[in-house]
>>> print(open('work_38.txt').read())   # compact mmCIF, C-alpha atoms and all ligand atoms
# COMPACT_ATOMS: atom_id res chain seq x y z
CA MET A 1 17.97 -3.49 -4.09
CA THR A 2 18.85 -4.78 -7.49
CA THR A 3 17.99 -2.37 -10.25
CA GLU A 4 19.42 0.93 -11.33
CA THR A 5 16.28 2.88 -10.69
CA LYS A 6 15.86 1.48 -7.22
CA ARG A 7 18.99 3.47 -6.67
CA ALA A 8 17.18 6.50 -8.09
CA ALA A 9 15.28 6.58 -4.82
CA ASP A 10 18.60 6.94 -3.03
CA ARG A 11 20.02 9.60 -5.29
CA PRO A 12 21.45 12.60 -3.50
CA ALA A 13 19.01 15.33 -2.58
CA GLU A 14 19.51 18.79 -4.04
CA GLY A 15 22.56 20.26 -2.42
CA GLY A 16 24.38 16.91 -2.63
CA ALA A 17 23.53 15.39 0.77
CA GLU A 18 22.62 11.70 0.73
CA PRO A 19 18.95 11.21 1.62
CA HIS A 20 18.32 9.43 4.90
CA PRO A 21 18.02 5.67 4.26
CA THR A 22 14.80 5.47 6.29
CA ILE A 23 11.92 7.18 4.52
CA LEU A 24 9.27 6.51 7.15
CA GLU A 25 9.35 5.54 10.77
CA THR A 26 6.57 4.94 13.26
CA SER A 27 7.35 4.79 16.92
CA GLY A 28 4.89 3.58 19.54
CA VAL A 29 1.90 4.42 17.35
CA THR A 30 -1.25 3.60 19.30
CA LEU A 31 -4.78 4.14 18.06
CA ARG A 32 -7.86 3.40 20.13
CA PHE A 33 -11.56 3.47 19.35
CA GLY A 34 -13.30 3.44 22.72
CA GLY A 35 -12.23 0.19 24.35
CA LEU A 36 -10.75 -1.23 21.15
CA THR A 37 -7.05 -0.86 20.46
CA SER A 38 -6.66 -0.83 16.73
CA LEU A 39 -2.91 -0.11 16.75
CA ASP A 40 -0.85 -1.06 19.77
CA HIS A 41 2.56 0.63 20.05
CA VAL A 42 3.52 -0.04 16.45
CA ASP A 43 7.19 0.54 15.62
CA LEU A 44 8.01 0.30 11.96
CA ALA A 45 10.93 1.52 9.86
CA MET A 46 10.66 1.62 6.11
CA ARG A 47 13.76 1.87 3.94
CA ARG A 48 13.87 4.35 1.12
CA GLY A 49 13.27 2.58 -2.19
CA GLU A 50 11.86 -0.66 -0.81
CA ILE A 51 8.57 -2.45 -1.27
CA LEU A 52 7.38 -3.18 2.26
CA ALA A 53 4.27 -5.32 2.63
CA ILE A 54 1.96 -5.11 5.63
CA ILE A 55 0.05 -8.32 6.13
CA GLY A 56 -2.17 -9.69 8.86
CA PRO A 57 -5.62 -11.19 9.38
CA ASN A 58 -8.84 -9.19 8.95
CA GLY A 59 -9.14 -6.47 11.56
CA ALA A 60 -5.41 -6.57 12.37
CA GLY A 61 -5.07 -2.81 11.99
CA LYS A 62 -3.54 -2.54 8.52
CA THR A 63 -5.93 0.06 7.11
CA SER A 64 -5.90 1.88 10.46
CA LEU A 65 -2.14 2.20 10.05
CA PHE A 66 -2.56 3.71 6.56
CA ASN A 67 -5.24 6.04 7.90
CA SER A 68 -2.90 7.11 10.68
CA LEU A 69 -0.02 7.73 8.27
CA THR A 70 -2.10 9.80 5.88
CA GLY A 71 -3.93 11.99 8.37
CA ALA A 72 -7.36 10.34 8.25
CA TYR A 73 -6.99 9.05 11.83
CA LEU A 74 -5.24 10.69 14.75
CA PRO A 75 -3.42 8.11 16.90
CA GLN A 76 -3.53 8.94 20.61
CA GLU A 77 0.14 8.09 21.08
CA GLY A 78 3.35 7.78 19.15
CA ALA A 79 5.27 9.53 16.42
CA ILE A 80 5.27 9.15 12.65
CA THR A 81 8.40 10.53 11.04
CA TYR A 82 8.60 11.05 7.30
CA ARG A 83 11.83 12.01 5.62
CA PRO A 84 11.41 13.54 2.17
CA ARG A 85 14.21 12.94 -0.32
CA ALA A 86 14.98 16.64 -0.36
CA GLY A 87 15.96 16.45 3.31
CA GLY A 88 14.55 17.22 6.72
CA GLU A 89 11.99 15.41 8.86
CA GLU A 90 8.25 15.81 9.02
CA GLU A 91 5.98 14.62 11.83
CA LEU A 92 2.89 13.17 10.16
CA ARG A 93 0.80 12.37 13.22
CA GLY A 94 -2.13 14.76 13.20
CA ARG A 95 -1.30 16.31 9.80
CA LYS A 96 -4.24 17.05 7.51
CA PRO A 97 -4.52 14.59 4.59
CA PHE A 98 -3.87 17.23 1.91
CA ARG A 99 -0.71 18.31 3.72
CA VAL A 100 0.50 14.72 3.91
CA SER A 101 -0.14 14.44 0.19
CA ARG A 102 1.86 17.62 -0.50
CA LEU A 103 4.78 16.08 1.38
CA GLY A 104 4.93 13.22 -1.14
CA LEU A 105 2.71 10.42 0.19
CA ALA A 106 -0.13 9.08 -1.94
CA ARG A 107 -2.52 6.24 -1.30
CA THR A 108 -5.20 4.05 -2.78
CA PHE A 109 -8.20 2.80 -0.83
CA GLN A 110 -9.36 -0.68 0.11
CA ASN A 111 -12.82 0.29 -1.19
CA ILE A 112 -12.25 1.95 -4.54
CA ARG A 113 -12.94 5.68 -4.41
CA LEU A 114 -13.25 7.14 -7.88
CA PHE A 115 -15.51 9.75 -9.44
CA GLY A 116 -17.61 7.26 -11.39
CA ALA A 117 -19.41 9.87 -13.49
CA LEU A 118 -16.15 11.43 -14.70
CA THR A 119 -13.91 9.94 -17.36
CA ALA A 120 -10.83 7.99 -16.40
CA LEU A 121 -8.61 10.84 -17.60
CA GLU A 122 -10.57 13.45 -15.63
CA ASN A 123 -10.10 11.41 -12.46
CA VAL A 124 -6.35 11.59 -12.96
CA LYS A 125 -6.32 15.25 -13.99
CA ILE A 126 -8.03 16.22 -10.75
CA ALA A 127 -5.19 14.57 -8.88
CA VAL A 128 -2.53 16.30 -11.01
CA GLU A 129 -4.23 19.61 -10.32
CA THR A 130 -3.96 19.16 -6.57
CA ARG A 131 -0.20 19.63 -7.11
CA GLN A 132 -0.71 22.83 -9.09
CA ARG A 133 -1.43 26.12 -7.45
CA THR A 134 -3.71 27.65 -10.04
CA ASP A 135 -6.67 29.43 -8.44
CA ALA A 136 -10.27 28.99 -9.60
CA VAL A 137 -10.63 32.60 -10.79
CA SER A 138 -7.59 32.33 -13.09
CA ILE A 139 -9.05 29.14 -14.53
CA MET A 140 -12.45 30.77 -15.16
CA LEU A 141 -10.85 33.80 -16.80
CA GLY A 142 -8.65 31.55 -18.94
CA LEU A 143 -5.51 33.44 -17.91
CA PRO A 144 -2.34 32.31 -19.69
CA HIS A 145 -0.79 30.61 -16.65
CA ALA A 146 -4.08 28.79 -16.03
CA ARG A 147 -4.15 27.59 -19.65
CA ARG A 148 -0.57 26.43 -19.31
CA ALA A 149 -1.43 24.59 -16.11
CA GLU A 150 -4.36 22.92 -17.90
CA ARG A 151 -2.09 21.78 -20.75
CA ASP A 152 0.45 20.48 -18.24
CA SER A 153 -2.13 18.56 -16.27
CA ASP A 154 -3.51 17.06 -19.47
CA ARG A 155 -0.06 15.97 -20.59
CA ARG A 156 0.87 14.59 -17.18
CA ALA A 157 -2.45 12.72 -16.88
CA HIS A 158 -1.89 11.12 -20.32
CA GLU A 159 1.63 10.13 -19.28
CA VAL A 160 0.40 8.46 -16.10
CA MET A 161 -2.41 6.66 -17.92
CA ARG A 162 0.13 5.32 -20.40
CA PHE A 163 2.36 4.18 -17.54
CA VAL A 164 -0.40 2.13 -15.93
CA GLY A 165 -1.57 0.77 -19.30
CA LEU A 166 -4.93 2.51 -19.44
CA GLU A 167 -4.29 4.90 -22.34
CA HIS A 168 -6.97 3.16 -24.43
CA ARG A 169 -9.59 3.82 -21.73
CA ILE A 170 -9.01 7.50 -21.02
CA ASN A 171 -12.39 8.67 -22.33
CA GLU A 172 -14.45 5.96 -20.64
CA LEU A 173 -16.41 6.80 -17.53
CA ALA A 174 -14.57 5.51 -14.49
CA ALA A 175 -17.67 3.57 -13.41
CA SER A 176 -17.71 1.65 -16.70
CA LEU A 177 -14.19 0.25 -16.29
CA SER A 178 -13.63 -3.32 -15.16
CA TYR A 179 -12.73 -3.87 -11.54
CA GLY A 180 -9.07 -4.45 -12.33
CA GLU A 181 -8.98 -1.29 -14.46
CA GLN A 182 -10.55 0.72 -11.65
CA ARG A 183 -7.85 -0.50 -9.29
CA ARG A 184 -5.26 0.59 -11.86
CA LEU A 185 -6.97 3.94 -12.27
CA GLU A 186 -6.76 4.49 -8.53
CA ILE A 187 -3.04 3.81 -8.72
CA ALA A 188 -2.77 6.23 -11.67
CA ARG A 189 -4.52 8.87 -9.64
CA ALA A 190 -2.13 8.35 -6.74
CA LEU A 191 0.89 8.50 -9.08
CA ALA A 192 -0.37 11.72 -10.60
CA THR A 193 0.57 13.51 -7.39
CA GLU A 194 4.20 12.42 -7.98
CA PRO A 195 4.66 10.67 -4.65
CA GLU A 196 7.90 9.50 -3.10
CA LEU A 197 5.96 6.98 -1.05
CA LEU A 198 2.93 5.12 -2.38
CA LEU A 199 0.55 3.30 -0.03
CA LEU A 200 -1.56 0.61 -1.68
CA ASP A 201 -4.44 -0.85 0.36
CA GLU A 202 -5.31 -4.26 -1.08
CA PRO A 203 -4.77 -3.35 -4.73
CA ALA A 204 -5.42 -6.94 -5.84
CA ALA A 205 -8.72 -7.38 -3.99
CA GLY A 206 -11.43 -8.59 -6.35
CA THR A 207 -9.13 -8.91 -9.36
CA ASN A 208 -8.75 -12.01 -11.55
CA PRO A 209 -5.46 -13.92 -11.97
CA THR A 210 -4.45 -12.04 -15.15
CA GLU A 211 -5.16 -8.70 -13.51
CA LYS A 212 -3.18 -9.80 -10.44
CA HIS A 213 -0.22 -10.67 -12.62
CA ASP A 214 -0.40 -7.30 -14.42
CA LEU A 215 -0.69 -5.56 -11.09
CA GLU A 216 2.40 -7.30 -9.79
CA GLU A 217 4.33 -6.02 -12.82
CA LEU A 218 2.94 -2.53 -12.31
CA ILE A 219 3.96 -2.41 -8.64
CA ARG A 220 7.48 -3.48 -9.61
CA ARG A 221 7.70 -0.84 -12.34
CA ILE A 222 6.46 1.89 -10.01
CA ASN A 223 9.21 0.90 -7.62
CA THR A 224 12.05 0.40 -10.08
CA GLU A 225 11.29 2.80 -12.94
CA LEU A 226 9.86 5.65 -10.90
CA GLY A 227 11.99 5.08 -7.79
CA VAL A 228 8.90 5.20 -5.57
CA SER A 229 8.94 3.45 -2.18
CA VAL A 230 5.85 1.24 -1.86
CA LEU A 231 3.97 0.28 1.29
CA LEU A 232 1.62 -2.51 0.32
CA ILE A 233 -1.29 -4.01 2.24
CA GLU A 234 -2.32 -7.23 0.57
CA HIS A 235 -4.03 -10.50 1.42
CA ASP A 236 -2.80 -12.32 -1.67
CA MET A 237 0.23 -14.11 -0.26
CA ARG A 238 1.68 -15.07 -3.62
CA LEU A 239 1.67 -11.45 -4.69
CA VAL A 240 3.17 -10.32 -1.39
CA MET A 241 5.87 -12.94 -1.33
CA SER A 242 6.88 -12.32 -4.92
CA VAL A 243 6.88 -8.53 -4.92
CA ALA A 244 7.89 -7.44 -1.40
CA ASP A 245 11.47 -6.79 -0.32
CA ARG A 246 10.34 -7.10 3.29
CA VAL A 247 7.14 -7.92 5.14
CA ALA A 248 5.75 -6.69 8.45
CA VAL A 249 2.94 -8.61 10.13
CA LEU A 250 0.21 -7.09 12.27
CA ASN A 251 -2.14 -9.05 14.50
CA PHE A 252 -4.66 -7.44 16.85
CA GLY A 253 -2.96 -4.09 16.31
CA ARG A 254 0.51 -5.36 17.28
CA LYS A 255 3.46 -5.92 15.02
CA ILE A 256 4.27 -9.57 15.55
CA ALA A 257 6.97 -10.08 12.92
CA GLU A 258 9.10 -8.28 10.37
CA GLY A 259 11.65 -9.54 7.89
CA THR A 260 12.19 -10.85 4.40
CA PRO A 261 9.30 -12.82 2.88
CA GLY A 262 11.22 -16.03 3.62
CA GLN A 263 11.82 -15.14 7.28
CA VAL A 264 8.23 -14.12 7.86
CA GLN A 265 6.83 -17.25 6.21
CA ARG A 266 8.80 -19.38 8.65
CA ASP A 267 7.87 -17.40 11.73
CA PRO A 268 5.73 -19.53 14.06
CA ALA A 269 3.92 -16.44 15.43
CA VAL A 270 2.82 -15.56 11.91
CA ILE A 271 1.58 -19.05 11.14
CA GLU A 272 -0.36 -19.10 14.41
CA ALA A 273 -1.90 -15.69 13.72
CA TYR A 274 -3.18 -16.85 10.38
CA LEU A 275 -4.39 -20.18 11.68
CA GLY A 276 -6.54 -18.32 14.17
CA ALA A 277 -8.35 -16.54 11.36
CA SER A 278 -11.85 -17.78 10.64
CA ASP A 279 -12.44 -15.82 7.46
CA GLU A 280 -12.59 -17.83 4.24
CA GLU A 281 -10.17 -15.58 2.40
CA GLU A 282 -7.70 -15.92 5.25
CA ALA A 283 -8.13 -19.68 5.28
CA GLU A 284 -7.27 -19.68 1.59
CA ALA A 285 -4.27 -17.47 2.25
CA VAL A 286 -3.07 -19.91 4.89
CA ALA A 287 -3.63 -22.85 2.58
CA ASP A 288 -1.56 -21.08 -0.10
CA LEU A 289 1.13 -20.15 2.35
CA VAL A 290 1.36 -23.59 3.84
CA ALA A 291 1.40 -25.25 0.40
CA ASP A 292 4.33 -23.05 -0.58
CA LEU A 293 6.10 -23.80 2.68
CA ASP A 294 5.49 -27.52 2.42
CA ALA A 295 6.94 -27.54 -1.09
CA GLU A 296 9.93 -25.55 0.08
CA HIS A 297 10.51 -27.86 3.06
CA ALA A 298 9.80 -31.11 1.25
CA ASP A 299 13.19 -32.51 2.33
CA ASP A 300 13.09 -31.19 5.87
CA PRO A 301 12.04 -33.87 8.40
CA GLU A 302 11.68 -31.21 11.13
CA TRP A 303 9.06 -29.28 9.19
CA ARG A 304 5.46 -29.71 10.23
CA GLY A 305 3.77 -26.61 8.80
CA GLY A 306 1.17 -28.63 6.90
CA ASP A 307 0.29 -30.58 10.05
CA ARG A 308 -0.19 -27.37 11.97
CA ALA A 309 -2.42 -26.02 9.24
CA ALA A 310 -4.50 -29.18 9.29
CA GLU A 311 -4.81 -28.97 13.08
CA GLY A 312 -5.81 -25.32 12.90
CA ARG A 313 -8.45 -25.89 10.28
CA SER A 314 -9.93 -28.97 11.88
CA ASN A 315 -10.29 -26.91 15.08
CA ASP A 316 -12.61 -24.67 13.09
CA GLY A 317 -14.69 -27.72 12.27
CA GLU A 318 -13.75 -27.50 8.61
CA GLU A 319 -13.47 -30.66 6.56
CA ARG A 320 -10.02 -31.53 5.44
CA PRO A 321 -9.65 -32.38 1.77
N1 LIG A 401 -13.34 4.34 12.37
C1 LIG A 401 -13.36 3.30 13.19
N2 LIG A 401 -14.17 3.24 14.26
C2 LIG A 401 -14.17 2.18 15.09
N3 LIG A 401 -13.39 1.10 14.94
C3 LIG A 401 -12.56 1.10 13.88
C4 LIG A 401 -12.49 2.18 12.95
N4 LIG A 401 -11.56 1.88 12.02
C5 LIG A 401 -11.07 0.68 12.33
N5 LIG A 401 -11.67 0.21 13.44
C6 LIG A 401 -11.41 -1.08 14.10
O1 LIG A 401 -10.01 -1.26 14.17
C7 LIG A 401 -9.67 -2.62 13.94
C8 LIG A 401 -8.71 -2.68 12.79
O2 LIG A 401 -9.40 -2.38 11.60
P1 LIG A 401 -8.67 -2.20 10.22
O3 LIG A 401 -9.68 -1.77 9.23
O4 LIG A 401 -7.49 -1.34 10.40
O5 LIG A 401 -8.19 -3.70 9.92
P2 LIG A 401 -7.49 -4.32 8.64
O6 LIG A 401 -6.27 -5.00 9.09
O7 LIG A 401 -7.36 -3.28 7.58
O8 LIG A 401 -8.55 -5.43 8.22
P3 LIG A 401 -9.00 -5.94 6.75
O9 LIG A 401 -7.96 -6.92 6.31
O10 LIG A 401 -10.30 -6.60 7.00
O11 LIG A 401 -9.12 -4.75 5.87
C9 LIG A 401 -10.97 -3.35 13.67
O12 LIG A 401 -11.39 -3.97 14.85
C10 LIG A 401 -11.91 -2.25 13.25
O13 LIG A 401 -13.24 -2.57 13.55
MG MG A 402 -8.14 -3.03 5.70
>>> encode(input="work_38.txt", output="C-alpha cells")
Amino acid sequence: MTTETKRAADRPAEGGAEPHPTILETSGVTLRFGGLTSLDHVDLAMRRGEILAIIGPNGAGKTSLFNSLTGAYLPQEGAITYRPRAGGEEELRGRKPFRVSRLGLARTFQNIRLFGALTALENVKIAVETRQRTDAVSIMLGLPHARRAERDSDRRAHEVMRFVGLEHRINELAASLSYGEQRRLEIARALATEPELLLLDEPAAGTNPTEKHDLEELIRRINTELGVSVLLIEHDMRLVMSVADRVAVLNFGRKIAEGTPGQVQRDPAVIEAYLGASDEEEAEAVADLVADLDAEHADDPEWRGGDRAAEGRSNDGEERP
C-alpha cells in the first residue's frame, strides 16, 4: 500500500483497537446447481484496503462468488467471514442481501441494473436512503426529521455524483446515459451506501478505451481517497494488471492461483486455463496477456509464452496472424 488514504482503511476502529488486517475471508465455499459445481471449496483472504481482482474464463464462477458473498446465493458449504472496521466478525453465508449491505458491502452488477425511468440523481438517492431509517409515514407527513433526511440524501447524492464525475448528468434519465456513464452511475449508487468493501462485476464491460481509462482512475480514487477495499471482477487484463494489488484466478469453480499481477501472469496454470477458453473475448484477453508477457520476457531465452499461445489457438482451428 502506497498512499496515505490506503492507510485510512487501516485506521484504528473506534475504541482504539487496530482493525483486523483481513477484511473478508472465504473458507471452503462450495456452491452447486444440481450436478454443476459453480464454486468448489474456494478459500480466499482479502486484505483490508487492497484492490483484489478475481479473474478467470467465462463460467469460472466469478459472479457466483459475488452472489454468494452478497446473499443472492446460498452456498451449500463453507464460511464467509467479514470483519467490519469497527470490529467483530460477521458470517455472511446465508445473510439477506439488505443485511449484507448494512454491514458495509456494496456491489455493481455484470448486467447493469438501474432504474432507467428515474433520473441519475434519483437512482443514487434511493441508495442513500437505504442507509437512512426514515419511515414512509414520516416522509408523507413531511415531518422535520424526514425533511432533514431528504436534504441529507440530496446532498450526499450530489457529493457522490461529483466524485464519479457525473455531476453534469444528474437530471438526465438513467436510460439516456451512455454505457460508460451507466457503469459509473452504478458505481455511484454502490458508493452512496458508504461501503467499506466494494464489489465490481465487470465494470469495464462494453466501455470504450477512454471510458476504460477513466474507470481505472475512478477505481484507484475509490480505493485511495475513500479508503474502500475493492474486489474487482474484470476480463480486461490491462485494467486488472494495472489497477490490482493482487489477483486471484478461478477456473471451473476452483481457485487455481493467487498472487501479485506479475506472479499470476507467469503462472502456467493460469496461462493454460485461458488457453482453454474458446470465447472470442477470452482469446483477445490471452492475446493481450501473452503480448505483454512476451515484451516483458524479450531477453529471456527460457520463455515460450507466445509459442504456447500459438499452440493453444491453432488447436482451436483459428488462423494465426
Ligand atoms: N442461478 C444459476 N443456476 C444455474 N447455474 C448457474 C446459476 N448461476 C451460475 N450458474 C452456473 O455456474 C457457473 C459459473 O457461472 P458464473 O456466472 O459465476 O461465471 P462467471 O465466472 O461470472 O462467468 P462470466 O465471465 O461469463 O461472467 C456457470 O456454469 C453457470 O452456468
Ligand atoms: Mg460473471
>>> closest_residue(input="work_38.txt", among="A:Phe252, A:Phe98, A:Tyr274, A:Tyr82", to="A:Leu31", atoms="all atoms listed in the file")
A:Phe252
>>> axis_aligned_box(input="work_38.txt", around="ligand LIG 401 (chain A)", padding_each_side="8 Å", output="AutoDock Vina command-line options")
--center_x -10.2 --center_y -1.3 --center_z 10.5 --size_x 23.9 --size_y 27.3 --size_z 25.2
>>> closest_atom_pairs(input="work_38.txt", of="chain A", to="ligand LIG 401 (chain A)", cutoff="10 Å", atoms="only C-alpha atoms and all ligand atoms", output="Markdown table")
| residue | atom | partner | partner_atom | distance |
| --- | --- | --- | --- | --- |
| A:Leu31 | CA | A:LIG401 | O1 | 8.5 |
| A:Arg32 | CA | A:LIG401 | O1 | 7.9 |
| A:Phe33 | CA | A:LIG401 | C2 | 5.2 |
| A:Gly34 | CA | A:LIG401 | C2 | 7.8 |
| A:Gly35 | CA | A:LIG401 | N3 | 9.5 |
| A:Leu36 | CA | A:LIG401 | O12 | 6.9 |
| A:Thr37 | CA | A:LIG401 | O1 | 7.0 |
| A:Ser38 | CA | A:LIG401 | O1 | 4.2 |
| A:Leu39 | CA | A:LIG401 | C8 | 7.5 |
| A:Ile54 | CA | A:LIG401 | O6 | 8.9 |
| A:Ile55 | CA | A:LIG401 | O6 | 7.7 |
| A:Gly56 | CA | A:LIG401 | O6 | 6.2 |
| A:Pro57 | CA | A:LIG401 | O9 | 5.8 |
| A:Asn58 | CA | A:LIG401 | O10 | 3.6 |
| A:Gly59 | CA | A:LIG401 | O5 | 3.4 |
| A:Ala60 | CA | A:LIG401 | O6 | 3.7 |
| A:Gly61 | CA | A:LIG401 | O4 | 3.2 |
| A:Lys62 | CA | A:LIG401 | O6 | 3.7 |
| A:Thr63 | CA | A:LIG401 | O7 | 3.7 |
| A:Ser64 | CA | A:LIG401 | O4 | 3.6 |
| A:Leu65 | CA | A:LIG401 | O4 | 6.4 |
| A:Phe66 | CA | A:LIG401 | O4 | 8.0 |
| A:Asn67 | CA | A:LIG401 | O4 | 8.1 |
| A:Ser68 | CA | A:LIG401 | O4 | 9.6 |
| A:Ala72 | CA | A:LIG401 | N1 | 9.4 |
| A:Tyr73 | CA | A:LIG401 | N1 | 7.9 |
| A:Gln110 | CA | A:LIG401 | O11 | 7.1 |
| A:Asn111 | CA | A:LIG401 | O11 | 9.4 |
| A:Asp201 | CA | A:LIG401 | O7 | 8.2 |
| A:Glu202 | CA | A:LIG401 | O11 | 7.9 |
| A:Ile233 | CA | A:LIG401 | O7 | 8.1 |
| A:Glu234 | CA | A:LIG401 | O9 | 8.1 |
| A:His235 | CA | A:LIG401 | O9 | 7.2 |
| A:Val249 | CA | A:LIG401 | O6 | 9.9 |
| A:Leu250 | CA | A:LIG401 | O6 | 7.5 |
| A:Asn251 | CA | A:LIG401 | O6 | 7.9 |
| A:Phe252 | CA | A:LIG401 | C8 | 7.5 |
| A:Gly253 | CA | A:LIG401 | C8 | 6.9 |
| A:Asp279 | CA | A:LIG401 | O10 | 9.5 |
| A:Glu281 | CA | A:LIG401 | O9 | 9.8 |
| A:Glu282 | CA | A:LIG401 | O9 | 9.1 |
>>> closest_residue(input="work_38.txt", among="A:Leu166, A:Leu215, A:Leu177, A:Leu200", to="ligand MG 402 (chain A)", atoms="all atoms listed in the file")
A:Leu200
>>> closest_residue(input="work_38.txt", among="A:Arg147, A:Thr119, A:Ala127, A:Thr193", to="A:Glu172", atoms="only C-alpha atoms")
A:Thr119
>>> residues_around(input="work_38.txt", residues="A:Lys96", least_positions_apart="5", cutoff="9 Å", atoms="all atoms listed in the file", output="PyMOL selection string")
chain A and resi 70-72+101
>>> closest_residue(input="work_38.txt", among="A:Pro195, A:Ala273, A:Phe109, A:Ile187", to="ligand MG 402 (chain A)", atoms="all atoms listed in the file")
A:Phe109
>>> closest_residue(input="work_38.txt", among="A:Val100, A:Val164, A:Ile222, A:Ala204", to="A:Gly180", atoms="only C-alpha atoms")
A:Ala204
>>> residues_around(input="work_38.txt", residues="A:Glu89", least_positions_apart="4", cutoff="10 Å", atoms="all atoms listed in the file", output="list in words")
His20, Ile23, Leu24, Ile80, Thr81, Tyr82, Arg83, Pro84 and Arg85 of chain A
>>> closest_residue(input="work_38.txt", among="A:Leu232, A:Glu90, A:Asn223, A:Asp40", to="ligand MG 402 (chain A)", atoms="all atoms listed in the file")
A:Leu232
>>> residues_around(input="work_38.txt", residues="A:Arg189", least_positions_apart="2", cutoff="10 Å", atoms="all atoms listed in the file", output="list in words")
Ala106, Arg107, Thr108, Leu114, Ala120, Leu121, Glu122, Asn123, Val124, Lys125, Ile126, Ala127, Val128, Ala157, Val160, Met161, Arg183, Arg184, Leu185, Glu186, Ile187, Leu191, Ala192, Thr193 and Glu194 of chain A
